[in-house]
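Encoded as structure tokens, the structure appears first; notes follow it.
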Amino acid sequence: MAQRLAPEHRVLELGCGTGTTALRLASGVAEYVATDVSAEMIAIAREKAEGAGLPQLTFEVAPAEATPGPEGRFDVALAFNLLHLVKARGALLQAAHRGLKPGGLFISKTPCLKEMNPLIRAVIPLMQAVGKAPYVAVFDAAELEDELTASGFAIVERARHGSGRQDPRPYLVAAKI
Ligand SMILES: C[S@@+](CC[C@H](N)C(=O)[O-])C[C@H]1O[C@@H](n2cnc3c(N)ncnc32)[C@H](O)[C@@H]1O
């Protein structure tokens with residue numbers, strides 16, 4: 001996906017966790033804003049970025065349902081391993097759409113639980129009941145694509161990276177219409 005980024009790009013990463021992806025990609029773009037709802041994750045990310053010499057990279061504590069800055073600020077928005085964890089997915093997609101320039105790209109890779117072993121789906125409520133699992137949405141790739149389309153995006157690339165192309169975490173690139 002790094003091939004989708006250009007030196008002049010302003011990039012927003014949602015749900016960045018401890019910043020691993022941000023640290024790999026930020027050197028190739030003009031601005032990289034990485035956000036996460038967890039202050040603990042952002043604290044670790046900032047620590048990891050110290051001394052990395054990436055002045056274009058900033059980390060912010062923010063919910064993915066609200067993109068920072070003015071409308072049309074970003075060329076690319078990234079969401080890896082995030083969409084299945086967000087209840088207000090529609091709000092997230094609308095916020096990402098708002099934050100992107102026309103033609104800007106929303107790039108995601110998302111576990112689609114509907115495509116996984118049903119045993120996993122059976123175990124999750126049990127883990128949630130004892131506080132060991134977060135909210136997890138169950139959908140498949142077709143439903144996710146429909147949500148993106150309904151939010152004003154057009155799918156421009158879809159891929160499965162697992163062995164035998166069976167990966168239940170589809171990689172999707174969607175352009176803001
Ligand atoms: C499974 S981790 C993925 C981290 C990183 N994107 C990666 O692929 O390694 C999910 C991250 O999403 C964050 N998260 C969950 N719900 C969120 C929300 N509504 N807004 C922003 N971040 C959220 C969590 O705090 C966590 O850091």
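Labeling convention for the structure tokens: chains A, B, ... as they appear, residues from 1 per chain, ligands from 1 in order of appearance.
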(request) Please write out the residues within 7 Å of ligand 1 as a list in words, counting only C-alpha atoms and all ligand atoms. (result) Leu14, Gly15, Cys16, Gly17, Thr18, Thr20, Thr21, Thr35, Asp36, Val37, Ser38, Met41, Ala62, Pro63, Ala64, Glu65, Ala79, Phe80, Asn81, Leu82, Leu85 and Val86 of chain A
(message) Run DSSP on the backbone and tell me which residues of chain A come out as strand (DSSP E or B); list them as a PyMOL selection string.
(response) chain A and resi 10-14+31-36+57-61+74-80+100-109+153-159+171-176
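Restricting the calculation to only C-alpha atoms, the smallest distance between A:Leu23 and any of A:Ala52, A:Ile124, A:Ala6, A:Ala39 is found for A:Ala52.
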(request) Find the residue from A:Ile107, A:Ala26, A:Leu100, A:Val61 that sits nearest to A:Pro170; use only C-alpha atoms when measuring. (result)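 Looking at the shortest contact to A:Pro170, the residue is A:Ile107.
The nearest approach to A:Gly104 among the residues A:Glu40, A:Glu147, A:Glu31, A:Asp75, with only C-alpha atoms taken into account, belongs to A:Asp75.
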(message) Give me, as number ranges by chain, the residues of stretch 27-145 of chain A that a backbone DSSP run labels alpha helix (DSSP H).
(response) A: 39-49, 89-99, 118-129, 141-145
Those residues with C-alpha atoms, as a compact mmCIF listing (two decimals), in the first residue's frame please?
# COMPACT_ATOMS: atom_id res chain seq x y z
CA ALA A 39 -4.26 7.51 25.57
CA GLU A 40 -2.11 4.54 26.62
CA MET A 41 -1.56 3.44 23.01
CA ILE A 42 -0.66 6.99 21.97
CA ALA A 43 1.78 7.35 24.88
CA ILE A 44 3.62 4.20 23.72
CA ALA A 45 3.54 5.39 20.09
CA ARG A 46 5.06 8.75 21.05
CA GLU A 47 7.76 6.99 23.04
CA LYS A 48 8.58 4.74 20.05
CA ALA A 49 8.75 7.79 17.75
CA ARG A 89 -18.95 2.50 11.84
CA GLY A 90 -21.23 4.71 9.73
CA ALA A 91 -20.09 7.78 11.68
CA LEU A 92 -16.46 6.75 11.22
CA LEU A 93 -16.87 6.36 7.46
CA GLN A 94 -18.68 9.71 7.21
CA ALA A 95 -15.93 11.42 9.22
CA ALA A 96 -13.22 9.86 7.05
CA HIS A 97 -15.12 10.97 3.94
CA ARG A 98 -15.33 14.51 5.31
CA GLY A 99 -11.61 14.58 6.11
CA PRO A 118 -17.97 -19.98 13.60
CA LEU A 119 -16.21 -21.22 16.74
CA ILE A 120 -14.47 -17.85 17.02
CA ARG A 121 -17.85 -16.10 16.87
CA ALA A 122 -19.17 -18.44 19.58
CA VAL A 123 -16.26 -17.72 21.92
CA ILE A 124 -16.37 -13.92 21.67
CA PRO A 125 -19.60 -13.39 23.72
CA LEU A 126 -18.19 -15.64 26.44
CA MET A 127 -15.00 -13.58 26.56
CA GLN A 128 -17.01 -10.36 26.54
CA ALA A 129 -19.08 -11.63 29.46
CA ALA A 141 -16.51 -8.21 2.99
CA ALA A 142 -19.56 -7.63 0.78
CA GLU A 143 -21.37 -5.87 3.63
CA LEU A 144 -18.30 -3.74 4.35
CA GLU A 145 -18.07 -2.74 0.70
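Each of A:Leu148, A:Pro134, A:Val33, A:Val76 was checked against A:Glu60 using only C-alpha atoms; the smallest atom-to-atom distance is that of A:Val33.
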(message) List as a ChimeraX atom specification the protein and nucleic acid residues near A:Glu8, meaning an atom at most 9 Å away when only C-alpha atoms are counted, but skip any in the same chain fewer than 5 places from it.
(response) /A:28-31
Residues just named, written with C-alpha atoms as a PDB file, in the first residue's frame:
ATOM      1  CA  GLY A  28       7.442   8.902   2.631  1.00  0.00           C
ATOM      2  CA  VAL A  29       4.848  11.671   3.034  1.00  0.00           C
ATOM      3  CA  ALA A  30       4.556  15.391   3.882  1.00  0.00           C
ATOM      4  CA  GLU A  31       2.291  14.989   6.917  1.00  0.00           C
TER       5      GLU A  31
END
(request) Grab the atom CA of A:Ala159 to atom CA of A:Gln3 distance for me, in Å with one decimal place. (result) 14.6 Å
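Using only C-alpha atoms, the contacts of A:Leu113 at a cut-off of 7 Å, with sequence neighbours closer than 6 positions omitted, comprise Arg121, Val138, Phe139 and Asp140 of chain A.
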Let's have the selection written as a short mmCIF file (atom, residue, chain, number, x, y, z; two decimals), in the first residue's frame, with C-alpha atoms.
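So the final result, stored in out09.cif, reads:
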data_model
loop_
_atom_site.label_atom_id
_atom_site.label_comp_id
_atom_site.auth_asym_id
_atom_site.auth_seq_id
_atom_site.Cartn_x
_atom_site.Cartn_y
_atom_site.Cartn_z
CA ARG A 121 -17.85 -16.10 16.87
CA VAL A 138 -19.82 -9.31 12.69
CA PHE A 139 -19.94 -8.63 8.95
CA ASP A 140 -18.49 -9.94 5.71
#
(request) For A:Ala175, list every protein, DNA or RNA residue within 6 Å, evaluated using only C-alpha atoms, and leave out those in the same chain fewer than 6 positions away; present the list as a list in words. (result)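 Contacts, with the query itself left out: Gly103, Gly104, Leu105, Phe153 and Ala154 of chain A.
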(request) Compare A:Glu13, A:Asp146, A:Glu50, A:Asp167 by their minimum atom-to-atom distance to A:Thr67, counting only C-alpha atoms, and give me the closest one. (result)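 Of A:Glu13, A:Asp146, A:Glu50, A:Asp167, the one nearest A:Thr67 is A:Glu13, counting only C-alpha atoms.
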(message) I need the residue nearest A:Arg160 from this list: A:Ala137, A:Ile177, A:Cys112, A:Ala66. Use only C-alpha atoms for the distance.
(response)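 Comparing A:Ala137, A:Ile177, A:Cys112, A:Ala66 against A:Arg160, the winner is A:Cys112.
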(request) For atom CA of A:Ala22 and atom CA of A:Arg158, quote the distance in Å rounded to one decimal. (result)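 If I compute the distance from atom CA of A:Ala22 to atom CA of A:Arg158, I get 21.9 Å.
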